[in-house]
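Read through the structure below, which is laid out as structure tokens, and then see the notes.
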Amino acid sequence: MNGVIAMSSIVGNAAAGPASGKGAGRMAGAASGLRRWLKYGFIALLVLWAVGACYFTIAPNERGYVTVFGRVANPAAGPLQPGLHFKWPFVASVDRISVSIDVVDIGNIEAFTKDAQKITVHVTVTTQVPDSAVYHLLYDVGRAGNVDLEKNYQTIIADRLRTVVGRHDINEIAGEQRQQIIDEVRSVLSRDLTDLFGIKVDSVQSALVGMPPSYAAAIEAAMQARTQRQAAEQNQARAQIEAVTAKVRAGGEADAKIEEARGESQSQLLRASAEAQATRLKGQAEADASEALAKALETNANLVALRTAERWNGVLPQNIYAGAPIPFLQMPGQK
């Protein structure tokens, strides 16, 4: 039985042999084509990767340098500007740095005044990196890529701030010199950050956020002194205005009195002149009348008797002394 089975198996295999060989050939050909396409695809991907590794872009707010085996390629040409650039693949790399306006929050810095009073100042710096500082910041300061700049900023700013604050006592910082001291801090920080790092310092913002208890008292005293000074200046200005007003008023009153006196004098002068003229005219009239009367008496004796009669009151003298004349009145018709 085993022999029959074996013979059947051999016959079956012989009968199926040609068909199975043809299918295996097709499968082998398909596998070979797939391997060929995979090889070509891998080569194409490798070429694309190599080409992509050769070209790179610099953004508008960036500058950079290419390094080959750790050395900067062509540093004399200056930093790479925005756009598409070439580098050798595998052996070259690109270091970038941001050149846009950057606000660096340094945080709170503690400092002691000249009279050993501790204050806390919060500092924020607004900076911008010019092209001339790119190489220095990338390779001379901190690690490549400018990753340590903020730490370096903080160290320099803290040192300069403490130096400036240490020159002044708490009363100066709390009083009228406060703004002057803040301006001094800004000036020193701007100068030293530019000298040390080559960056452009647009502004330095500093604010007092911590102070000793005496600081509040000093602030209040300074405000009171400022208020008193302003009040004194206002009083002085008011007094000056009042003095000028009084002077103008007095001048006006004096001018009015002068005009009044001048008017009164002219009135009196005119009145005296009128009275003198009236007196002169009256005297002249009386003189003329007396002269006319005298002439009339000289020419008319009866006029004398008439005048005497006009002035007699009709009463005879009570006593007639010896030798005294006796009044005599001639009556009409007597001769």
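Numbering starts fresh at 1 for the residues of each chain in the structure tokens, the chains themselves are lettered A, B, ... in the order given, and ligands are numbered from 1 as they appear.
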
**Request:** Would you mind listing what lies within 8 Å of stretch 147-161 of chain A as an MDAnalysis selection string, with only C-alpha atoms counted and same-chain residues fewer than 4 positions away left out?
**Result:** chainID A and resid 104 106 109 111 137 141:143 165 185 188:189 193

**Item:** atom CA of A:Leu208 to atom CA of A:Asn108, straight-line distance in Å
**Value:** 9.2 Å

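Taking atom CA of A:Ala59 as the reference point, atom CA of A:Asp140 is found at 22.7 Å.
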
**Item:** Spatial neighbours of stretch 78-94 of chain A, 12 Å, only C-alpha atoms, chain gap at least 4 places, as number ranges by chain
**Value:** A: 46-74, 98-99, 129-138, 144-145

Write a file of the selected residues as a tab-separated table (two decimals), in the first residue's frame, keeping N, CA and C atoms.
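The resulting part_34.tsv:
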chain	number	residue	atom	x	y	z
A	46	LEU	N	17.59	59.43	-1.49
A	46	LEU	CA	18.92	59.83	-1.03
A	46	LEU	C	19.39	61.08	-1.75
A	47	VAL	N	19.08	61.14	-3.06
A	47	VAL	CA	19.46	62.34	-3.82
A	47	VAL	C	18.69	63.56	-3.33
A	48	LEU	N	17.38	63.37	-3.12
A	48	LEU	CA	16.57	64.49	-2.63
A	48	LEU	C	17.04	64.95	-1.25
A	49	TRP	N	17.39	63.97	-0.41
A	49	TRP	CA	17.86	64.35	0.92
A	49	TRP	C	19.18	65.11	0.84
A	50	ALA	N	20.06	64.65	-0.06
A	50	ALA	CA	21.35	65.31	-0.24
A	50	ALA	C	21.17	66.73	-0.75
A	51	VAL	N	20.23	66.86	-1.75
A	51	VAL	CA	19.96	68.20	-2.28
A	51	VAL	C	19.36	69.08	-1.19
A	52	GLY	N	18.41	68.52	-0.43
A	52	GLY	CA	17.82	69.30	0.66
A	52	GLY	C	18.83	69.68	1.72
A	53	ALA	N	19.81	68.81	1.95
A	53	ALA	CA	20.85	69.12	2.93
A	53	ALA	C	21.82	70.17	2.42
A	54	CYS	N	21.87	70.35	1.11
A	54	CYS	CA	22.78	71.35	0.55
A	54	CYS	C	22.20	72.77	0.61
A	55	TYR	N	20.89	72.90	0.65
A	55	TYR	CA	20.26	74.22	0.60
A	55	TYR	C	19.48	74.48	1.90
A	56	PHE	N	19.47	75.72	2.30
A	56	PHE	CA	18.75	76.14	3.50
A	56	PHE	C	18.35	77.60	3.34
A	57	THR	N	17.47	78.06	4.19
A	57	THR	CA	16.99	79.44	4.13
A	57	THR	C	17.25	80.16	5.46
A	58	ILE	N	17.45	81.44	5.34
A	58	ILE	CA	17.57	82.34	6.49
A	58	ILE	C	16.32	83.22	6.51
A	59	ALA	N	15.59	83.24	7.64
A	59	ALA	CA	14.36	84.02	7.75
A	59	ALA	C	14.66	85.51	7.81
A	60	PRO	N	13.64	86.37	7.55
A	60	PRO	CA	13.87	87.83	7.57
A	60	PRO	C	14.35	88.35	8.92
A	61	ASN	N	13.98	87.69	10.02
A	61	ASN	CA	14.40	88.17	11.34
A	61	ASN	C	15.60	87.41	11.87
A	62	GLU	N	16.36	86.75	10.96
A	62	GLU	CA	17.52	85.97	11.38
A	62	GLU	C	18.77	86.39	10.62
A	63	ARG	N	19.91	86.06	11.20
A	63	ARG	CA	21.21	86.12	10.53
A	63	ARG	C	21.95	84.84	10.93
A	64	GLY	N	22.95	84.46	10.15
A	64	GLY	CA	23.63	83.22	10.48
A	64	GLY	C	24.98	83.07	9.81
A	65	TYR	N	25.68	82.02	10.21
A	65	TYR	CA	26.96	81.64	9.61
A	65	TYR	C	26.95	80.14	9.36
A	66	VAL	N	27.70	79.71	8.33
A	66	VAL	CA	27.90	78.29	8.03
A	66	VAL	C	29.23	77.85	8.63
A	67	THR	N	29.21	76.73	9.32
A	67	THR	CA	30.44	76.17	9.89
A	67	THR	C	30.72	74.82	9.21
A	68	VAL	N	31.99	74.60	8.87
A	68	VAL	CA	32.44	73.35	8.26
A	68	VAL	C	33.46	72.71	9.19
A	69	PHE	N	33.11	71.54	9.70
A	69	PHE	CA	33.95	70.85	10.67
A	69	PHE	C	34.29	71.77	11.85
A	70	GLY	N	33.29	72.56	12.28
A	70	GLY	CA	33.46	73.40	13.45
A	70	GLY	C	34.08	74.76	13.18
A	71	ARG	N	34.49	75.05	11.95
A	71	ARG	CA	35.08	76.34	11.63
A	71	ARG	C	34.08	77.16	10.81
A	72	VAL	N	34.06	78.48	11.09
A	72	VAL	CA	33.15	79.37	10.37
A	72	VAL	C	33.66	79.57	8.95
A	73	ALA	N	32.79	79.30	7.99
A	73	ALA	CA	33.15	79.47	6.59
A	73	ALA	C	32.99	80.93	6.19
A	74	ASN	N	34.07	81.53	5.73
A	74	ASN	CA	34.09	82.89	5.20
A	74	ASN	C	33.49	83.90	6.19
A	98	SER	N	18.53	85.39	16.22
A	98	SER	CA	17.44	86.32	15.97
A	98	SER	C	17.94	87.75	16.09
A	99	VAL	N	17.56	88.58	15.11
A	99	VAL	CA	17.97	89.99	15.13
A	99	VAL	C	16.78	90.92	15.29
A	129	VAL	N	19.82	93.17	17.76
A	129	VAL	CA	21.15	92.73	17.36
A	129	VAL	C	21.48	93.27	15.98
A	130	PRO	N	22.47	94.14	15.85
A	130	PRO	CA	22.89	94.60	14.53
A	130	PRO	C	23.76	93.53	13.85
A	131	ASP	N	23.96	93.64	12.54
A	131	ASP	CA	24.77	92.66	11.81
A	131	ASP	C	26.20	92.60	12.34
A	132	SER	N	26.70	93.74	12.79
A	132	SER	CA	28.08	93.77	13.26
A	132	SER	C	28.30	92.98	14.54
A	133	ALA	N	27.21	92.65	15.25
A	133	ALA	CA	27.36	91.92	16.52
A	133	ALA	C	27.02	90.44	16.40
A	134	VAL	N	26.62	89.97	15.22
A	134	VAL	CA	26.17	88.59	15.07
A	134	VAL	C	27.29	87.60	15.37
A	135	TYR	N	28.45	87.78	14.75
A	135	TYR	CA	29.58	86.86	14.97
A	135	TYR	C	30.00	86.85	16.44
A	136	HIS	N	30.08	88.05	17.02
A	136	HIS	CA	30.50	88.16	18.42
A	136	HIS	C	29.53	87.42	19.35
A	137	LEU	N	28.24	87.59	19.12
A	137	LEU	CA	27.25	86.95	19.98
A	137	LEU	C	27.18	85.43	19.76
A	138	LEU	N	27.39	84.99	18.52
A	138	LEU	CA	27.31	83.56	18.23
A	138	LEU	C	28.51	82.78	18.77
A	144	ALA	N	27.55	78.52	21.17
A	144	ALA	CA	27.11	78.81	19.79
A	144	ALA	C	25.59	78.78	19.73
A	145	GLY	N	25.04	79.72	19.02
A	145	GLY	CA	23.59	79.81	18.92
A	145	GLY	C	22.99	80.83	19.86

**Prompt:** DSSP says alpha helix (DSSP H) for which residues of stretch 139-250 of chain A? Put them as JSON, numbers by chain?
**Reply:** {"A": [149, 150, 151, 152, 153, 154, 155, 156, 157, 158, 159, 160, 161, 162, 163, 164, 165, 170, 171, 172, 173, 174, 178, 179, 180, 181, 182, 183, 184, 185, 186, 187, 188, 189, 190, 191, 192, 193, 194, 195, 196, 197, 213, 214, 215, 216, 217, 218, 219, 220, 221, 222, 223, 224, 225, 226, 227, 228, 229, 230, 231, 232, 233, 234, 235, 236, 237, 238, 239, 240, 241, 242, 243, 244, 245, 246, 247, 248, 249, 250]}

**Request:** Enumerate as number ranges by chain all residues of stretch 51-250 of chain A assigned to strand (DSSP E or B) by DSSP on the backbone, naming them with the chain letters and numbers the document uses.
**Result:** A: 55-58, 62-68, 71-72, 80, 83-86, 92-98, 102-112, 118-128, 200-210
